[in-house]
Structure formats: C-alpha cells, structure tokens
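Printed here is my_file-v5.cif (mmCIF, C-alpha atoms):
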```cif
data_final
loop_
_atom_site.group_PDB
_atom_site.id
_atom_site.type_symbol
_atom_site.label_atom_id
_atom_site.label_comp_id
_atom_site.auth_asym_id
_atom_site.auth_seq_id
_atom_site.Cartn_x
_atom_site.Cartn_y
_atom_site.Cartn_z
ATOM 1 C CA MET A 1 10.614 101.411 231.089
ATOM 2 C CA LYS A 2 10.945 103.780 228.179
ATOM 3 C CA SER A 3 11.721 106.826 230.332
ATOM 4 C CA LYS A 4 14.321 104.866 232.320
ATOM 5 C CA LEU A 5 15.972 103.829 229.122
ATOM 6 C CA GLY A 6 16.016 107.411 227.919
ATOM 7 C CA LEU A 7 17.535 108.543 231.188
ATOM 8 C CA VAL A 8 20.277 105.947 230.970
ATOM 9 C CA LEU A 9 21.079 107.037 227.446
ATOM 10 C CA ILE A 10 21.261 110.686 228.447
ATOM 11 C CA VAL A 11 23.517 109.964 231.427
ATOM 12 C CA CYS A 12 25.621 107.742 229.227
ATOM 13 C CA SER A 13 26.084 110.406 226.595
ATOM 14 C CA PHE A 14 27.083 112.928 229.273
ATOM 15 C CA ILE A 15 29.762 110.603 230.596
ATOM 16 C CA VAL A 16 31.078 110.020 227.121
ATOM 17 C CA ILE A 17 31.062 113.622 225.988
ATOM 18 C CA GLY A 18 32.470 114.847 229.291
ATOM 19 C CA CYS A 19 32.705 118.574 229.699
ATOM 20 C CA ALA A 20 35.610 119.611 227.490
ATOM 21 C CA THR A 21 35.315 123.229 226.427
ATOM 22 C CA THR A 22 36.009 124.430 222.921
ATOM 23 C CA GLN A 23 39.282 125.924 224.133
ATOM 24 C CA GLN A 24 40.408 122.565 225.555
ATOM 25 C CA ARG A 25 39.453 120.787 222.355
ATOM 26 C CA LEU A 26 41.093 123.408 220.162
ATOM 27 C CA LEU A 27 44.372 123.527 222.035
ATOM 28 C CA ASP A 28 44.341 119.992 223.503
ATOM 29 C CA SER A 29 45.115 121.718 226.789
ATOM 30 C CA GLU A 30 45.042 118.589 228.951
ATOM 31 C CA SER A 31 48.066 116.977 227.285
ATOM 32 C CA SER A 32 51.579 117.743 228.481
ATOM 33 C CA GLN A 33 53.685 119.494 225.855
ATOM 34 C CA VAL A 34 56.974 118.026 227.062
ATOM 35 C CA GLN A 35 55.706 114.478 227.391
ATOM 36 C CA LEU A 36 54.013 114.566 223.999
ATOM 37 C CA ARG A 37 57.192 115.748 222.281
ATOM 38 C CA SER A 38 59.234 112.998 223.863
ATOM 39 C CA ILE A 39 56.725 110.341 222.732
ATOM 40 C CA GLN A 40 56.528 111.717 219.213
ATOM 41 C CA THR A 41 60.189 112.539 218.537
ATOM 42 C CA ARG A 42 63.283 110.493 217.639
ATOM 43 C CA ALA A 43 66.781 111.512 216.560
ATOM 44 C CA PHE A 44 68.558 109.930 213.600
ATOM 45 C CA ASP A 45 72.290 110.103 212.827
ATOM 46 C CA THR A 46 72.016 111.740 209.431
ATOM 47 C CA THR A 47 71.902 115.268 208.051
ATOM 48 C CA ASP A 48 70.259 114.497 204.719
ATOM 49 C CA LYS A 49 66.861 116.097 205.209
ATOM 50 C CA GLU A 50 65.549 115.443 201.716
ATOM 51 C CA LYS A 51 66.459 111.765 201.721
ATOM 52 C CA THR A 52 64.977 111.372 205.193
ATOM 53 C CA LEU A 53 61.713 112.932 204.027
ATOM 54 C CA ARG A 54 61.611 110.666 200.978
ATOM 55 C CA THR A 55 62.153 107.663 203.245
ATOM 56 C CA ILE A 56 59.397 108.862 205.572
ATOM 57 C CA MET A 57 56.993 109.202 202.644
ATOM 58 C CA SER A 58 57.866 105.736 201.404
ATOM 59 C CA THR A 59 57.417 104.267 204.905
ATOM 60 C CA LEU A 60 54.022 105.931 205.205
ATOM 61 C CA GLN A 61 53.068 104.370 201.877
ATOM 62 C CA ASP A 62 54.229 100.981 203.121
ATOM 63 C CA LEU A 63 51.963 101.456 206.137
ATOM 64 C CA GLY A 64 48.967 102.004 203.852
ATOM 65 C CA PHE A 65 48.891 105.797 203.903
ATOM 66 C CA VAL A 66 48.240 108.020 200.917
ATOM 67 C CA ILE A 67 50.453 111.125 201.008
ATOM 68 C CA ASP A 68 48.458 114.364 201.181
ATOM 69 C CA LYS A 69 51.203 116.968 200.960
ATOM 70 C CA ALA A 70 54.881 117.563 201.552
ATOM 71 C CA ASP A 71 57.280 120.484 201.711
ATOM 72 C CA ALA A 72 61.015 120.011 201.297
ATOM 73 C CA THR A 73 61.921 123.482 202.570
ATOM 74 C CA LEU A 74 60.009 123.151 205.816
ATOM 75 C CA GLY A 75 60.680 119.421 206.022
ATOM 76 C CA THR A 76 57.119 118.201 206.470
ATOM 77 C CA ALA A 77 54.894 115.496 205.062
ATOM 78 C CA SER A 78 51.238 114.672 205.810
ATOM 79 C CA ALA A 79 49.366 111.503 204.950
ATOM 80 C CA THR A 80 46.010 109.823 205.511
ATOM 81 C CA LYS A 81 45.172 106.157 205.953
ATOM 82 C CA LEU A 82 41.596 105.050 205.323
ATOM 83 C CA LYS A 83 40.600 101.601 206.479
ATOM 84 C CA ASN A 84 37.059 102.153 207.696
ATOM 85 C CA TYR A 85 38.777 104.610 210.003
ATOM 86 C CA ALA A 86 40.679 107.770 209.184
ATOM 87 C CA LEU A 87 44.220 108.025 210.536
ATOM 88 C CA ARG A 88 46.002 111.253 209.696
ATOM 89 C CA MET A 89 49.693 111.810 210.325
ATOM 90 C CA THR A 90 52.043 114.745 209.980
ATOM 91 C CA VAL A 91 55.785 114.139 210.125
ATOM 92 C CA ASN A 92 58.270 116.936 210.563
ATOM 93 C CA VAL A 93 62.057 116.829 210.131
ATOM 94 C CA ARG A 94 64.485 119.384 211.507
ATOM 95 C CA PRO A 95 68.237 119.481 212.130
ATOM 96 C CA ARG A 96 69.625 118.925 215.604
ATOM 97 C CA GLY A 97 73.216 120.044 216.009
ATOM 98 C CA GLU A 98 75.678 119.224 213.249
ATOM 99 C CA THR A 99 75.171 115.480 212.950
ATOM 100 C CA GLN A 100 71.542 114.630 213.662
ATOM 101 C CA LEU A 101 68.012 115.114 212.437
ATOM 102 C CA LEU A 102 64.953 115.167 214.676
ATOM 103 C CA VAL A 103 61.904 113.430 213.282
ATOM 104 C CA ARG A 104 58.603 114.243 214.905
ATOM 105 C CA ALA A 105 55.292 112.623 214.077
ATOM 106 C CA ASN A 106 51.803 113.344 215.314
ATOM 107 C CA ALA A 107 48.660 111.436 214.549
ATOM 108 C CA GLN A 108 44.910 111.787 214.746
ATOM 109 C CA TYR A 109 42.624 108.770 214.806
ATOM 110 C CA ASN A 110 39.126 109.679 213.578
ATOM 111 C CA VAL A 111 38.329 112.600 215.909
ATOM 112 C CA GLN A 112 40.869 111.740 218.623
ATOM 113 C CA PRO A 113 44.490 112.749 219.066
ATOM 114 C CA VAL A 114 46.836 109.760 219.399
ATOM 115 C CA THR A 115 48.682 110.238 222.687
ATOM 116 C CA ASP A 116 49.673 106.624 223.405
ATOM 117 C CA PRO A 117 53.431 105.984 223.112
ATOM 118 C CA GLU A 118 52.925 102.594 221.447
ATOM 119 C CA PRO A 119 51.654 103.609 217.988
ATOM 120 C CA TYR A 120 54.548 106.081 217.666
ATOM 121 C CA GLN A 121 56.981 103.403 218.803
ATOM 122 C CA GLN A 122 55.652 101.155 216.021
ATOM 123 C CA PHE A 123 55.918 103.939 213.473
ATOM 124 C CA PHE A 124 59.554 104.632 214.336
ATOM 125 C CA VAL A 125 60.383 100.920 214.227
ATOM 126 C CA SER A 126 59.051 100.832 210.652
ATOM 127 C CA LEU A 127 60.968 104.007 209.816
ATOM 128 C CA GLU A 128 64.211 102.664 211.302
ATOM 129 C CA LYS A 129 64.057 99.671 208.979
ATOM 130 C CA ALA A 130 63.641 101.890 205.932
ATOM 131 C CA MET A 131 66.359 104.341 207.041
ATOM 132 C CA PHE A 132 68.878 101.629 207.940
ATOM 133 C CA LEU A 133 69.538 103.787 211.005
ATOM 134 C CA THR A 134 68.689 103.564 214.684
ATOM 135 C CA ALA A 135 66.111 105.913 216.132
ATOM 136 C CA HIS A 136 67.449 107.507 219.313
ATOM 137 C CA GLN A 137 65.253 108.811 222.082
ATOM 138 C CA ALA A 138 65.588 112.553 221.629
ATOM 139 C CA ASP A 139 65.871 113.713 225.240
ATOM 140 C CA MET B 1 16.151 97.614 234.339
ATOM 141 C CA ARG B 2 18.556 94.846 233.442
ATOM 142 C CA LYS B 3 17.911 95.602 229.791
ATOM 143 C CA ALA B 4 18.781 99.228 230.354
ATOM 144 C CA LEU B 5 21.989 98.258 232.126
ATOM 145 C CA SER B 6 23.089 95.967 229.345
ATOM 146 C CA LEU B 7 22.271 98.635 226.799
ATOM 147 C CA PHE B 8 24.413 101.047 228.799
ATOM 148 C CA LEU B 9 27.336 98.625 228.878
ATOM 149 C CA VAL B 10 27.054 97.873 225.182
ATOM 150 C CA THR B 11 27.010 101.599 224.381
ATOM 151 C CA ILE B 12 30.100 102.202 226.521
ATOM 152 C CA PHE B 13 31.931 99.290 224.916
ATOM 153 C CA PHE B 14 30.965 100.433 221.476
ATOM 154 C CA ILE B 15 32.183 103.964 222.057
ATOM 155 C CA ALA B 16 35.319 102.931 223.915
ATOM 156 C CA GLY B 17 36.095 100.437 221.149
ATOM 157 C CA CYS B 18 35.779 103.049 218.455
ATOM 158 C CA ARG B 19 38.077 105.464 220.162
ATOM 159 C CA THR B 20 41.348 103.637 220.375
ATOM 160 C CA ILE B 21 43.669 103.211 217.466
ATOM 161 C CA PRO B 22 43.915 99.596 216.200
ATOM 162 C CA LYS B 23 47.084 97.775 217.270
ATOM 163 C CA ASP B 24 48.198 97.129 213.709
ATOM 164 C CA ALA B 25 47.527 100.623 212.329
ATOM 165 C CA LEU B 26 51.210 101.607 212.319
ATOM 166 C CA THR B 27 52.942 98.266 211.891
ATOM 167 C CA LEU B 28 54.086 96.846 208.573
ATOM 168 C CA SER B 29 51.637 94.179 207.469
ATOM 169 C CA PRO B 30 52.815 90.943 205.814
ATOM 170 C CA GLU B 31 51.188 92.167 202.588
ATOM 171 C CA SER B 32 52.985 95.505 202.537
ATOM 172 C CA LEU B 33 55.919 94.297 200.419
ATOM 173 C CA ALA B 34 53.624 92.732 197.803
ATOM 174 C CA GLU B 35 51.522 95.901 197.756
ATOM 175 C CA ARG B 36 54.616 98.036 197.275
ATOM 176 C CA GLN B 37 55.671 95.933 194.290
ATOM 177 C CA MET B 38 52.191 96.106 192.804
ATOM 178 C CA GLN B 39 52.111 99.895 193.157
ATOM 179 C CA THR B 40 55.645 100.589 191.868
ATOM 180 C CA ARG B 41 57.362 100.615 188.463
ATOM 181 C CA LYS B 42 60.921 101.640 187.618
ATOM 182 C CA TYR B 43 61.880 103.779 184.641
ATOM 183 C CA GLU B 44 65.402 104.200 183.347
ATOM 184 C CA THR B 45 65.965 107.925 183.534
ATOM 185 C CA LYS B 46 67.530 110.524 185.776
ATOM 186 C CA ASP B 47 64.974 113.201 185.020
ATOM 187 C CA GLU B 48 62.532 113.069 187.903
ATOM 188 C CA GLY B 49 60.793 116.298 186.852
ATOM 189 C CA LYS B 50 59.920 114.874 183.437
ATOM 190 C CA ILE B 51 58.371 111.747 184.962
ATOM 191 C CA LEU B 52 56.364 113.859 187.407
ATOM 192 C CA SER B 53 55.082 116.057 184.625
ATOM 193 C CA THR B 54 54.069 112.975 182.612
ATOM 194 C CA CYS B 55 52.235 111.636 185.668
ATOM 195 C CA ILE B 56 50.291 114.898 185.985
ATOM 196 C CA GLY B 57 49.249 114.553 182.344
ATOM 197 C CA LEU B 58 48.190 110.972 183.003
ATOM 198 C CA LEU B 59 46.141 111.922 186.068
ATOM 199 C CA GLN B 60 44.447 114.584 183.937
ATOM 200 C CA ASP B 61 43.690 111.884 181.332
ATOM 201 C CA MET B 62 41.893 110.044 184.116
ATOM 202 C CA GLY B 63 39.936 113.112 185.213
ATOM 203 C CA PHE B 64 41.821 113.889 188.408
ATOM 204 C CA ASN B 65 42.485 117.438 189.559
ATOM 205 C CA LEU B 66 45.786 118.336 191.127
ATOM 206 C CA ASP B 67 45.622 119.085 194.869
ATOM 207 C CA GLU B 68 49.262 119.404 195.870
ATOM 208 C CA SER B 69 52.706 118.908 194.408
ATOM 209 C CA GLU B 70 56.303 119.137 195.602
ATOM 210 C CA THR B 71 58.916 118.615 192.906
ATOM 211 C CA LYS B 72 61.859 118.464 195.307
ATOM 212 C CA LEU B 73 60.378 115.409 196.994
ATOM 213 C CA GLY B 74 58.712 113.905 193.947
ATOM 214 C CA LEU B 75 55.090 114.196 195.060
ATOM 215 C CA ILE B 76 51.766 114.751 193.297
ATOM 216 C CA THR B 77 48.401 114.391 194.993
ATOM 217 C CA SER B 78 45.121 114.630 193.140
ATOM 218 C CA SER B 79 41.460 113.859 193.613
ATOM 219 C CA LYS B 80 38.102 113.690 191.879
ATOM 220 C CA MET B 81 34.438 113.294 192.799
ATOM 221 C CA ARG B 82 32.471 110.566 191.066
ATOM 222 C CA SER B 83 29.095 108.852 191.358
ATOM 223 C CA ALA B 84 29.048 105.783 193.610
ATOM 224 C CA GLU B 85 25.659 104.502 192.542
ATOM 225 C CA ASN B 86 25.483 100.835 191.747
ATOM 226 C CA ALA B 87 22.564 99.041 190.181
ATOM 227 C CA GLY B 88 22.471 96.120 192.628
ATOM 228 C CA GLN B 89 22.190 98.340 195.669
ATOM 229 C CA ILE B 90 19.484 100.511 194.105
ATOM 230 C CA ALA B 91 17.508 97.417 193.067
ATOM 231 C CA GLY B 92 17.761 96.150 196.650
ATOM 232 C CA ALA B 93 16.502 99.470 198.020
ATOM 233 C CA VAL B 94 13.585 99.473 195.556
ATOM 234 C CA ILE B 95 12.566 95.956 196.600
ATOM 235 C CA ILE B 96 12.714 96.902 200.285
ATOM 236 C CA ALA B 97 10.654 100.041 199.601
ATOM 237 C CA LEU B 98 8.064 97.964 197.698
ATOM 238 C CA LEU B 99 7.847 95.557 200.632
ATOM 239 C CA GLY B 100 7.075 98.537 202.834
ATOM 240 C CA GLY B 101 10.524 98.842 204.422
ATOM 241 C CA GLY B 102 10.734 102.580 203.781
ATOM 242 C CA ALA B 103 13.482 104.500 202.031
ATOM 243 C CA MET B 104 16.857 102.835 202.456
ATOM 244 C CA PRO B 105 19.953 104.951 201.928
ATOM 245 C CA VAL B 106 22.121 103.864 198.993
ATOM 246 C CA ASP B 107 25.646 104.900 198.017
ATOM 247 C CA LYS B 108 25.556 108.171 196.128
ATOM 248 C CA GLU B 109 28.968 109.732 195.557
ATOM 249 C CA GLN B 110 32.606 109.158 196.248
ATOM 250 C CA LYS B 111 35.817 111.117 196.538
ATOM 251 C CA MET B 112 38.705 109.279 194.901
ATOM 252 C CA ARG B 113 42.284 110.276 195.618
ATOM 253 C CA ALA B 114 45.482 109.389 193.824
ATOM 254 C CA SER B 115 48.943 110.148 195.094
ATOM 255 C CA VAL B 116 52.116 109.633 193.047
ATOM 256 C CA ILE B 117 55.555 109.515 194.638
ATOM 257 C CA THR B 118 58.747 109.330 192.605
ATOM 258 C CA ARG B 119 62.116 108.356 193.980
ATOM 259 C CA PRO B 120 65.590 107.900 192.501
ATOM 260 C CA VAL B 121 66.697 104.302 193.088
ATOM 261 C CA GLY B 122 69.420 101.863 192.132
ATOM 262 C CA GLU B 123 73.146 102.233 191.822
ATOM 263 C CA ARG B 124 74.121 105.851 191.162
ATOM 264 C CA GLU B 125 70.385 106.530 191.147
ATOM 265 C CA LYS B 126 70.024 105.453 187.535
ATOM 266 C CA TYR B 127 66.306 104.718 187.816
ATOM 267 C CA ILE B 128 63.231 106.602 188.956
ATOM 268 C CA ALA B 129 60.707 104.488 190.860
ATOM 269 C CA VAL B 130 57.099 105.643 190.486
ATOM 270 C CA ARG B 131 54.666 104.538 193.162
ATOM 271 C CA VAL B 132 50.973 105.348 192.996
ATOM 272 C CA THR B 133 48.379 104.788 195.726
ATOM 273 C CA PHE B 134 44.617 105.238 195.534
ATOM 274 C CA GLN B 135 41.964 105.609 198.194
ATOM 275 C CA ARG B 136 38.303 106.598 198.333
ATOM 276 C CA ILE B 137 35.486 107.680 200.635
ATOM 277 C CA VAL B 138 31.900 106.773 199.680
ATOM 278 C CA TRP B 139 28.879 108.723 200.931
ATOM 279 C CA ASN B 140 25.280 107.552 200.797
ATOM 280 C CA THR B 141 22.104 109.501 199.996
ATOM 281 C CA GLN B 142 21.921 110.629 203.655
ATOM 282 C CA GLY B 143 25.412 112.088 203.548
ATOM 283 C CA GLN B 144 26.960 109.402 205.773
ATOM 284 C CA ALA B 145 30.333 107.930 204.885
ATOM 285 C CA THR B 146 29.743 104.240 204.179
ATOM 286 C CA LYS B 147 33.198 103.224 203.000
ATOM 287 C CA SER B 148 36.666 104.636 203.469
ATOM 288 C CA GLU B 149 39.407 102.454 202.093
ATOM 289 C CA SER B 150 42.588 102.017 200.105
ATOM 290 C CA LEU B 151 42.035 100.559 196.664
ATOM 291 C CA ILE B 152 44.276 97.521 196.285
ATOM 292 C CA ASP B 153 42.905 95.649 193.283
ATOM 293 C CA PRO B 154 45.980 94.702 191.163
ATOM 294 C CA ALA B 155 44.023 95.360 187.936
ATOM 295 C CA ILE B 156 43.813 99.063 188.848
ATOM 296 C CA TYR B 157 47.593 99.356 189.072
ATOM 297 C CA GLN B 158 48.123 97.297 185.944
ATOM 298 C CA GLU B 159 45.945 99.688 183.963
ATOM 299 C CA PHE B 160 47.526 102.760 185.539
ATOM 300 C CA PHE B 161 51.044 101.730 184.560
ATOM 301 C CA ASP B 162 49.948 100.621 181.092
ATOM 302 C CA LYS B 163 48.553 104.098 180.639
ATOM 303 C CA LEU B 164 51.698 105.662 182.077
ATOM 304 C CA SER B 165 53.836 103.832 179.517
ATOM 305 C CA LYS B 166 51.506 105.100 176.820
ATOM 306 C CA ALA B 167 51.688 108.675 178.139
ATOM 307 C CA ILE B 168 55.483 108.503 178.139
ATOM 308 C CA PHE B 169 55.301 107.362 174.514
ATOM 309 C CA LEU B 170 52.761 110.034 173.548
ATOM 310 C CA GLU B 171 54.900 112.795 174.992
ATOM 311 C CA GLY B 172 57.842 111.452 173.050
ATOM 312 C CA GLN B 173 60.087 111.236 176.074
ATOM 313 C CA GLU B 174 62.995 108.935 175.754
ATOM 314 C CA ILE B 175 62.535 107.036 178.964
#
```

structure tokens encoding of this file:
Amino acid sequence: MKSKLGLVLIVCSFIVIGCATTQQRLLDSESSQVQLRSIQTRAFDTTDKEKTLRTIMSTLQDLGFVIDKADATLGTASATKLKNYALRMTVNVRPRGETQLLVRANAQYNVQPVTDPEPYQQFFVSLEKAMFLTAHQAD
Amino acid sequence: MRKALSLFLVTIFFIAGCRTIPKDALTLSPESLAERQMQTRKYETKDEGKILSTCIGLLQDMGFNLDESETKLGLITSSKMRSAENAGQIAGAVIIALLGGGAMPVDKEQKMRASVITRPVGEREKYIAVRVTFQRIVWNTQGQATKSESLIDPAIYQEFFDKLSKAIFLEGQEI
C-alpha cells in the first residue's frame, strides 16, 4: 500500500512539473510573442505620458497593489499585491504616433506568468475608468 | 488503491487550484473607494517635492529605509525588517511541545513595506494628495512565509497621517 502510494505521488509530481528546461522557463519560450503583446496592450487617445503613469499607479493602488518602483523617463511602473498570494505587475507606457499612447502590462502570479486575456481585460477596464478614456485594442 | 486515487485527485486539484489567478485579483472591489479615502489626505500646496521630502523624513522616523524614489511621478517606496514574534503563538507552541507534540514553527520575522504616492489634484492642481499603502510578509522559524497581506487597519493610517501633520509642522513648512 505504502509503495503504491509513493509511486502515485512520484508520477503525480512528474505530471505537474512536466519537463520544462531552464531555457524554456527563463525565456517563456512556449508563449507566442505576438499574441501576448496583443493581450497585454491597449492604446489610449492621449499623449500625456506622465499623467497616464500617475493614473496607472493610482489604479494599481485601487486594486490593492503597493507600488515598487517607477520611472518617468522610461515610462514604467511596477507593483506587488499580497493577499496570501503574490501578484506582481509591470506597466509600460510608450507613444504611438502623434496622438496615442500604448499601455502594456504584464503580470506574474506566484511563480506563474499570467497569459490569460481575462485578467488583463479586467485591469484595462479599471484603468479606463480612472483615465476617463477608452482603451483601444492596439492591433 | 482507491485511497491512492483520491489522494492523486486531491493533489491535482490542490496544485491546479493554486496555479490560476483569482477572478477578482484585478477587478475593483466594493471596498476600494473606502480604502482609497482611508489611505489618502490632501494638503494645500503646489510643492510636491517638499511633501515627498517630508514623507521620507517621516518614514525614517518610523524606521523605514528607502528602496526607490521617483520625484517626477511622486513615488517613494521603503521597507524594514521587524520581529513577528507574538506571545500567544509562542505560548501555544510551548504547550504543544510539553504535551509531546514536538517543535511547532512560530512566526519569527516580517518584512514591512510602505509606499507613498503623491499626486496634484483639484482645480488648477491646488492640492497635493498623499496616499500611503502598507503590506507585509511574515516568515516562521522554518523560513516559510505564513502571511502575505496588505495592512488595512484604519488606525494605522490615522496614526501615519497624524505623524505626517506633525512632521510638516516640525520642518516648519507652510503647508
């Protein structure tokens, strides 16, 4: 009985761990670059980078995040939410053409990348409300 | 064999459950407005830099060390390590040990973080809003994280802003 149980546990852990190599884990090689960008990016009709970043930081605070760092020149902000889990987000703002800004967010939940469209959708809905602007699909 | 199978299923569920992000992680909660109000105070000034510098002084008063800052965006982040021991938990562990339950891990230390964001608000940006948020991670004697949470007790924020008003006064800034 005991050995069977052990076997099941071992098999189970193999299934769970899978066989990702360090390279795959380091570079998240299995995710599609184009698809990920489209999920994580929205365009806003404004050119005020600083104000946009301030709004992003305030939205992250509203969502329960504590801001870790920010850089006005590069247009980035990172924040962490702790709620018996650790959710880390980095948001990046850059100009697109003469009239728009692209806002890109990526998130990590505990030790997993967040690749589902839905959480990002929810984030941009919250951001839209704070920006008083509509988030356009970027592509 | 059935036991093993159920164990297997439970393990899978447990792991699968832990992996996905909770549905409400990135949605605004009904409490978020009340929390924002609790964590924010407005000061009548246009000098954001001065307020930020006062906040750094205040965080130092409270034993925090500065991690990051960005004046252009009105951001200060700071942290400190503190003991997380509490008498009740230790007493419980002692009783269990006396009853022959072996050594039970108890909370040992915690990392506490504070992040201050300032923002010009109001008509013609006459005010600076200061918002502070705190969070902590607690580790036990075995080095495992036992708690990771935002601190949302209103008394914490009340004391912080009382102290901020005092710091503004001490530094003789006309705010």

Quick one: residues within 9 Å of Gln122 in chain A, all atoms listed in the file, excluding same-chain residues fewer than 3 positions away - as number ranges by chain?
A: 117-119, 125-127; B: 24-28

In terms of the shortest atom-to-atom distance over all atoms listed in the file, which of B:Gly102, B:Phe160, B:Arg131, B:Gly74 is closest to Lys51 in chain A?
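Result for the nearest residue to Lys51 in chain A: B:Gly74.
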
Give as a ChimeraX atom specification every residue of chain A that touches chain B within 9 Å, counting all atoms listed in the file.
/A:1,4-6,8-9,12,16,50-51,53-54,57-73,81-87,109-112,114,118-123,125-126

The PyMOL selection byres ((chain A and resi 137-139) around 6) on the file shown: which residues, as a PyMOL selection string?
chain A and resi 42-43+136

Keeping C-alpha atoms for every residue in the selection just given, could you write it to a file as a PDB file, in the frame of the given file?
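Result file selection20.pdb:
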```pdb
ATOM      1  CA  ARG A  42      63.283 110.493 217.639  1.00  0.00           C
ATOM      2  CA  ALA A  43      66.781 111.512 216.560  1.00  0.00           C
ATOM      3  CA  HIS A 136      67.449 107.507 219.313  1.00  0.00           C
TER       4      HIS A 136
END
```

Please write the residues picked by the PyMOL selection byres ((chain B and resi 45-55) around 6) on this file as a list of chain:residue names.
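Written out, the selection comes to B:Tyr43, B:Glu44, B:Ile56, B:Gly57, B:Leu58, B:Lys126, B:Tyr127, B:Ile175.
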
Record the distance separating CA of Ser79 in chain B and CA of Gln60 in chain B, expressed in Å with one decimal.
10.2 Å

Distance CA of Val93 in chain A-CA of Lys49 in chain A, one decimal place?
6.9 Å

Coordinates-based distance that separates CA of Thr52 in chain A from CA of Gln100 in chain A (Å, one decimal):
11.2 Å

Taking only C-alpha atoms into account, name the residue in A:Pro113, A:Thr76, A:Val91, A:Asn106 that is nearest to Asp28 in chain A.
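The answer is A:Pro113, which sits nearest to Asp28 in chain A.
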
Would you kindly return, as a list in words, each protein, DNA or RNA residue with an atom no farther than 8 Å from any atom of range 93-95 of chain B, considering all atoms listed in the file and excluding same-chain residues fewer than 4 positions away?
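Residues near the query, excluding close chain neighbours: Gln89, Leu99, Ala103, Met104, Pro105 and Val106 of chain B.
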
Residues matched by the PyMOL selection byres ((chain A and resi 104) around 6), written as number ranges by chain:
A: 40-41, 91-92, 103, 105

Would you list the residues near (67.2, 104.3, 209.5) (no more than 10 Å away, in the coordinates of the file, using only C-alpha atoms) as a PyMOL selection string?
chain A and resi 44-46+52+55-56+124-135

Return the single residue from B:Met62, B:Val130, B:Leu170, B:Leu164 that is closest to Arg82 in chain B, with distances computed using all atoms listed in the file.
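Nearest to Arg82 in chain B: B:Met62.
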
List as a PDB file with C-alpha atoms, in the coordinates of the input the protein and nucleic acid residues near Glu30 in chain A, meaning an atom at most 12 Å away when only C-alpha atoms are counted, but skip any in the same chain fewer than 3 places from it.
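Dumped everything to result.pdb:
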```
ATOM      1  CA  ALA A  20      35.610 119.611 227.490  1.00  0.00           C
ATOM      2  CA  THR A  21      35.315 123.229 226.427  1.00  0.00           C
ATOM      3  CA  GLN A  23      39.282 125.924 224.133  1.00  0.00           C
ATOM      4  CA  GLN A  24      40.408 122.565 225.555  1.00  0.00           C
ATOM      5  CA  ARG A  25      39.453 120.787 222.355  1.00  0.00           C
ATOM      6  CA  LEU A  26      41.093 123.408 220.162  1.00  0.00           C
ATOM      7  CA  LEU A  27      44.372 123.527 222.035  1.00  0.00           C
ATOM      8  CA  GLN A  33      53.685 119.494 225.855  1.00  0.00           C
ATOM      9  CA  GLN A  35      55.706 114.478 227.391  1.00  0.00           C
ATOM     10  CA  LEU A  36      54.013 114.566 223.999  1.00  0.00           C
ATOM     11  CA  PRO A 113      44.490 112.749 219.066  1.00  0.00           C
ATOM     12  CA  THR A 115      48.682 110.238 222.687  1.00  0.00           C
TER      13      THR A 115
END
```
